[in-house]
Amino acid sequence: MEAKRNLVVGIGEALWDILPEGKKLGGAPANFAYHVSQFGLKSVVVSAVGEDTLGKEILSSLADKKLNMLIERVQYPTGTVQVELDNNGVPCYDIKENVAWDNIPFTDKLKLIGEQTMAVCYGSLAQRSEVSRETINAFLSMIPNEKGIYKVFDINLRQGFYTKEILCRSMEQCNVLKINDEELLTVSRLFGYPDIDLQDKCWILLGKYNLEMLILTCGANGSYVFTPGNISFVETPRVEVADTVGAGDSFTAAFISALLMKKSVREAHQFAVSVSAYVCTQNGAMPKLPAEYISRIV
């Protein structure tokens, strides 16, 4: 008998963002899983850390946030990212290589999680190394292509740590693609259609990869959700930005959580925009959300 699918998984990098004010827990999968957990869903972050103090501190910090985790200890240093913020609070990243999250093993415990997963979010960054890439792909292959089960590729291009082959394979395996306007330009150049309209680029990707949804975020210029035959657009609220670290991850978490709670695409989109706007007003990627946000979808 197949296990009940009730888990939401973020798989990939878990690391320390070294910000001007000090280090903060980061990595898109951990950010995603944390925000999903705030909405009352059972989430798990899957990654790897080193047998070092920084790794121990990640495990302790995630435990303090009461986040379920499958994080293996491996013989590589725990990942760090040097984050510099520009005058608008927009981050620039220096991501260290050959670290623990490049070496996430596929284990029996991970297989068990795969059998219970109803939504997963993954990106391109953790696939820069063969070990983690094959683990992520093996995990994705366990999750069926069924209505109401979401495989979200949050493309998350960083520092050239991606190839056309990785992007193609990842888009073939997802049913929801999340991409920002800058990433869309990069992808369209890589795939050979750089000179067409922004929305046409999205329609091409939606059709080519048979996606249920394509989410396009355009910073202060709003965001779109493309579904076959329909577009949802929501303006970005004007807020006082502390920093934008993790805002995109909170958007994805809020959007998928709302869908899993049977909200419409439009309702999920509006909710995701409001959550990510709030996260922009806070420092770091994992602020605690006020109760008013959580009550909107539960």
# chains A, B, ... in the order shown; residues from 1 in each chain; ligands from 1
>>> closest_atom_pairs(of="range 44-83 of chain A", to="range 19-27 of chain A", cutoff="9 Å", atoms="only C-alpha atoms", output="CSV")
residue,atom,partner,partner_atom,distance
A:Ile58,CA,A:Leu25,CA,6.9
A:Ser61,CA,A:Leu25,CA,7.5
A:Leu62,CA,A:Leu25,CA,8.4
A:Thr80,CA,A:Gly26,CA,8.8
A:Val81,CA,A:Leu19,CA,8.6
A:Gln82,CA,A:Leu19,CA,6.6
A:Val83,CA,A:Leu19,CA,5.1
>>> residues_around(residues="Thr53 in chain A", least_positions_apart="3", cutoff="12 Å", atoms="only C-alpha atoms", output="NGL selection string")
:A and (16 or 49-50 or 56-60 or 73 or 77-79)
>>> write_last_selection(atoms="all heavy atoms", output="compact mmCIF listing (two decimals), in the first residue's frame")
# COMPACT_ATOMS: atom_id res chain seq x y z
N TRP A 16 24.88 29.17 5.47
CA TRP A 16 24.86 30.44 6.19
C TRP A 16 25.04 31.58 5.19
O TRP A 16 25.99 31.59 4.42
CB TRP A 16 25.97 30.51 7.23
CG TRP A 16 25.74 29.64 8.43
CD1 TRP A 16 26.39 28.49 8.75
CD2 TRP A 16 24.78 29.86 9.46
NE1 TRP A 16 25.89 27.97 9.92
CE2 TRP A 16 24.90 28.80 10.38
CE3 TRP A 16 23.83 30.86 9.70
CZ2 TRP A 16 24.11 28.71 11.52
CZ3 TRP A 16 23.03 30.76 10.84
CH2 TRP A 16 23.19 29.70 11.74
N VAL A 49 25.21 19.08 5.66
CA VAL A 49 26.14 20.02 6.29
C VAL A 49 27.40 19.27 6.66
O VAL A 49 27.45 18.04 6.64
CB VAL A 49 25.53 20.70 7.53
CG1 VAL A 49 24.32 21.53 7.16
CG2 VAL A 49 25.16 19.67 8.60
N GLY A 50 28.42 20.03 7.03
CA GLY A 50 29.69 19.42 7.38
C GLY A 50 29.76 18.97 8.83
O GLY A 50 28.90 19.30 9.66
N LYS A 56 26.86 22.19 12.77
CA LYS A 56 26.15 21.96 14.03
C LYS A 56 25.20 23.11 14.32
O LYS A 56 24.07 22.90 14.78
CB LYS A 56 27.17 21.80 15.17
CG LYS A 56 26.55 21.46 16.52
CD LYS A 56 27.63 21.25 17.57
CE LYS A 56 27.01 20.91 18.92
NZ LYS A 56 28.05 20.72 19.97
N GLU A 57 25.64 24.33 14.01
CA GLU A 57 24.80 25.51 14.25
C GLU A 57 23.58 25.53 13.33
O GLU A 57 22.50 25.99 13.73
CB GLU A 57 25.64 26.78 14.09
CG GLU A 57 26.64 26.99 15.21
CD GLU A 57 27.55 28.18 14.96
OE1 GLU A 57 27.60 28.70 13.82
OE2 GLU A 57 28.21 28.61 15.93
N ILE A 58 23.73 25.06 12.08
CA ILE A 58 22.57 24.98 11.19
C ILE A 58 21.54 24.01 11.75
O ILE A 58 20.34 24.32 11.81
CB ILE A 58 23.00 24.56 9.76
CG1 ILE A 58 23.60 25.74 9.01
CG2 ILE A 58 21.81 23.99 8.97
CD1 ILE A 58 24.04 25.45 7.60
N LEU A 59 21.99 22.84 12.17
CA LEU A 59 21.07 21.86 12.73
C LEU A 59 20.36 22.41 13.96
O LEU A 59 19.16 22.22 14.14
CB LEU A 59 21.83 20.57 13.08
CG LEU A 59 22.47 19.83 11.90
CD1 LEU A 59 23.25 18.63 12.40
CD2 LEU A 59 21.42 19.39 10.88
N SER A 60 21.12 23.10 14.81
CA SER A 60 20.54 23.67 16.02
C SER A 60 19.53 24.77 15.68
O SER A 60 18.45 24.84 16.28
CB SER A 60 21.66 24.24 16.90
OG SER A 60 21.14 24.87 18.04
N ARG A 73 25.27 14.62 7.74
CA ARG A 73 26.60 15.17 8.03
C ARG A 73 27.59 14.49 7.08
O ARG A 73 27.66 13.26 7.03
CB ARG A 73 27.00 14.90 9.48
CG ARG A 73 26.01 15.35 10.52
CD ARG A 73 25.83 16.85 10.61
NE ARG A 73 27.01 17.57 11.08
CZ ARG A 73 27.29 17.84 12.36
NH1 ARG A 73 26.48 17.40 13.31
NH2 ARG A 73 28.36 18.55 12.69
N PRO A 77 33.07 20.94 4.07
CA PRO A 77 32.70 22.08 4.91
C PRO A 77 31.26 22.52 4.68
O PRO A 77 30.73 22.41 3.57
CB PRO A 77 33.69 23.17 4.48
CG PRO A 77 34.15 22.78 3.12
CD PRO A 77 34.14 21.28 3.11
N THR A 78 30.64 23.02 5.72
CA THR A 78 29.30 23.57 5.61
C THR A 78 29.31 24.79 4.68
O THR A 78 30.23 25.60 4.71
CB THR A 78 28.78 23.96 7.01
OG1 THR A 78 28.70 22.77 7.80
CG2 THR A 78 27.43 24.62 6.94
N GLY A 79 28.28 24.90 3.86
CA GLY A 79 28.22 25.97 2.87
C GLY A 79 28.03 27.35 3.48
O GLY A 79 27.31 27.52 4.46
>>> select_by_dssp(residues="range 147-280 of chain A", states="alpha helix (DSSP H)", output="ChimeraX atom specification")
/A:164-173,181-191,198-208,247-260,265-280
>>> closest_residue(among="A:Glu183, A:Val234, A:Asp197, A:Tyr209", to="Arg169 in chain A", atoms="only C-alpha atoms")
A:Tyr209
>>> residues_around(residues="Thr163 in chain A", least_positions_apart="5", cutoff="12 Å", atoms="only C-alpha atoms", output="NGL selection string")
:A and (124-125 or 127-129 or 155 or 157-158 or 168-170 or 186-187 or 190-191)
>>> write_last_selection(atoms="C-alpha atoms", output="CSV table (one decimal), in the first residue's frame")
chain,number,residue,atom,x,y,z
A,124,SER,CA,19.4,24.8,-10.2
A,125,LEU,CA,22.1,25.8,-7.7
A,127,GLN,CA,22.6,20.7,-9.1
A,128,ARG,CA,26.0,22.2,-9.9
A,129,SER,CA,27.6,19.0,-8.5
A,155,ILE,CA,15.2,28.1,-11.2
A,157,LEU,CA,20.2,31.1,-11.3
A,158,ARG,CA,23.4,32.0,-9.4
A,168,CYS,CA,16.2,21.3,-19.6
A,169,ARG,CA,16.1,18.3,-17.4
A,170,SER,CA,14.7,20.2,-14.5
A,186,THR,CA,19.0,34.5,-19.6
A,187,VAL,CA,17.0,31.3,-20.3
A,190,LEU,CA,20.3,30.1,-23.8
A,191,PHE,CA,17.4,28.5,-25.6
>>> closest_residue(among="A:Phe161, A:Phe271, A:Phe39, A:Tyr278", to="Ile95 in chain A", atoms="only C-alpha atoms")
A:Phe161
>>> residues_around(residues="Lys111 in chain A", least_positions_apart="6", cutoff="12 Å", atoms="only C-alpha atoms", output="list of chain:residue names")
A:Ala3, A:Val46, A:Leu70, A:Pro105, A:Thr117, A:Thr135, A:Ile136, A:Asn137, A:Ala138, A:Phe139, A:Leu140, A:Ser141, A:Met142, A:Ile143
>>> select_by_dssp(residues="range 121-272 of chain A", states="strand (DSSP E)", output="PyMOL selection string")
chain A and resi 121-122+150-154+176-180+213-217+223-227+230-234
>>> residues_around(residues="Phe255 in chain A", least_positions_apart="5", cutoff="9 Å", atoms="only C-alpha atoms", output="short mmCIF file (atom, residue, chain, number, x, y, z; two decimals) with all heavy atoms, in the first residue's frame")
data_model
loop_
_atom_site.label_atom_id
_atom_site.label_comp_id
_atom_site.auth_asym_id
_atom_site.auth_seq_id
_atom_site.Cartn_x
_atom_site.Cartn_y
_atom_site.Cartn_z
N SER A 250 9.77 32.79 0.09
CA SER A 250 8.52 32.91 0.83
C SER A 250 7.33 33.00 -0.12
O SER A 250 6.25 32.49 0.18
CB SER A 250 8.57 34.13 1.75
OG SER A 250 8.53 35.35 1.02
N LEU A 260 -2.31 23.90 -1.99
CA LEU A 260 -2.54 22.66 -1.26
C LEU A 260 -3.75 22.77 -0.33
O LEU A 260 -4.36 21.75 0.03
CB LEU A 260 -1.29 22.26 -0.48
CG LEU A 260 -0.10 21.81 -1.34
CD1 LEU A 260 1.15 21.68 -0.49
CD2 LEU A 260 -0.40 20.48 -2.04
N VAL A 265 -5.83 29.58 -8.08
CA VAL A 265 -4.55 30.14 -8.52
C VAL A 265 -4.50 31.63 -8.21
O VAL A 265 -3.49 32.15 -7.72
CB VAL A 265 -4.31 29.88 -10.02
CG1 VAL A 265 -3.12 30.68 -10.53
CG2 VAL A 265 -4.11 28.39 -10.28
N GLU A 267 -6.17 33.34 -5.89
CA GLU A 267 -6.06 33.54 -4.44
C GLU A 267 -4.65 33.22 -3.95
O GLU A 267 -4.09 33.95 -3.12
CB GLU A 267 -7.07 32.66 -3.71
CG GLU A 267 -8.52 33.11 -3.86
CD GLU A 267 -9.50 32.08 -3.32
OE1 GLU A 267 -9.21 30.87 -3.40
OE2 GLU A 267 -10.56 32.50 -2.83
N ALA A 268 -4.08 32.14 -4.47
CA ALA A 268 -2.71 31.75 -4.08
C ALA A 268 -1.71 32.82 -4.50
O ALA A 268 -0.78 33.15 -3.76
CB ALA A 268 -2.36 30.40 -4.71
N HIS A 269 -1.91 33.38 -5.69
CA HIS A 269 -1.03 34.43 -6.21
C HIS A 269 -1.09 35.67 -5.32
O HIS A 269 -0.05 36.21 -4.91
CB HIS A 269 -1.45 34.76 -7.64
CG HIS A 269 -0.52 35.68 -8.35
ND1 HIS A 269 -0.79 36.22 -9.58
CD2 HIS A 269 0.70 36.18 -8.00
CE1 HIS A 269 0.21 36.98 -9.96
NE2 HIS A 269 1.11 36.99 -9.02
N GLN A 270 -2.28 36.12 -5.00
CA GLN A 270 -2.43 37.31 -4.17
C GLN A 270 -1.82 37.09 -2.78
O GLN A 270 -1.17 37.99 -2.23
CB GLN A 270 -3.91 37.68 -4.05
CG GLN A 270 -4.51 38.18 -5.35
CD GLN A 270 -6.02 38.35 -5.28
OE1 GLN A 270 -6.71 37.57 -4.62
NE2 GLN A 270 -6.54 39.36 -5.96
N PHE A 271 -2.03 35.91 -2.24
CA PHE A 271 -1.47 35.59 -0.92
C PHE A 271 0.06 35.58 -0.97
O PHE A 271 0.72 36.14 -0.09
CB PHE A 271 -2.01 34.25 -0.45
CG PHE A 271 -1.51 33.83 0.91
CD1 PHE A 271 -1.83 34.59 2.03
CD2 PHE A 271 -0.74 32.69 1.06
CE1 PHE A 271 -1.37 34.21 3.28
CE2 PHE A 271 -0.28 32.32 2.31
CZ PHE A 271 -0.59 33.08 3.42
N ALA A 272 0.62 34.98 -1.99
CA ALA A 272 2.08 34.90 -2.13
C ALA A 272 2.70 36.29 -2.22
O ALA A 272 3.76 36.55 -1.62
CB ALA A 272 2.44 34.07 -3.35
N VAL A 273 2.05 37.18 -2.95
CA VAL A 273 2.57 38.55 -3.09
C VAL A 273 2.58 39.25 -1.73
O VAL A 273 3.56 39.92 -1.36
CB VAL A 273 1.73 39.33 -4.11
CG1 VAL A 273 2.06 40.83 -4.05
CG2 VAL A 273 1.99 38.80 -5.52
#
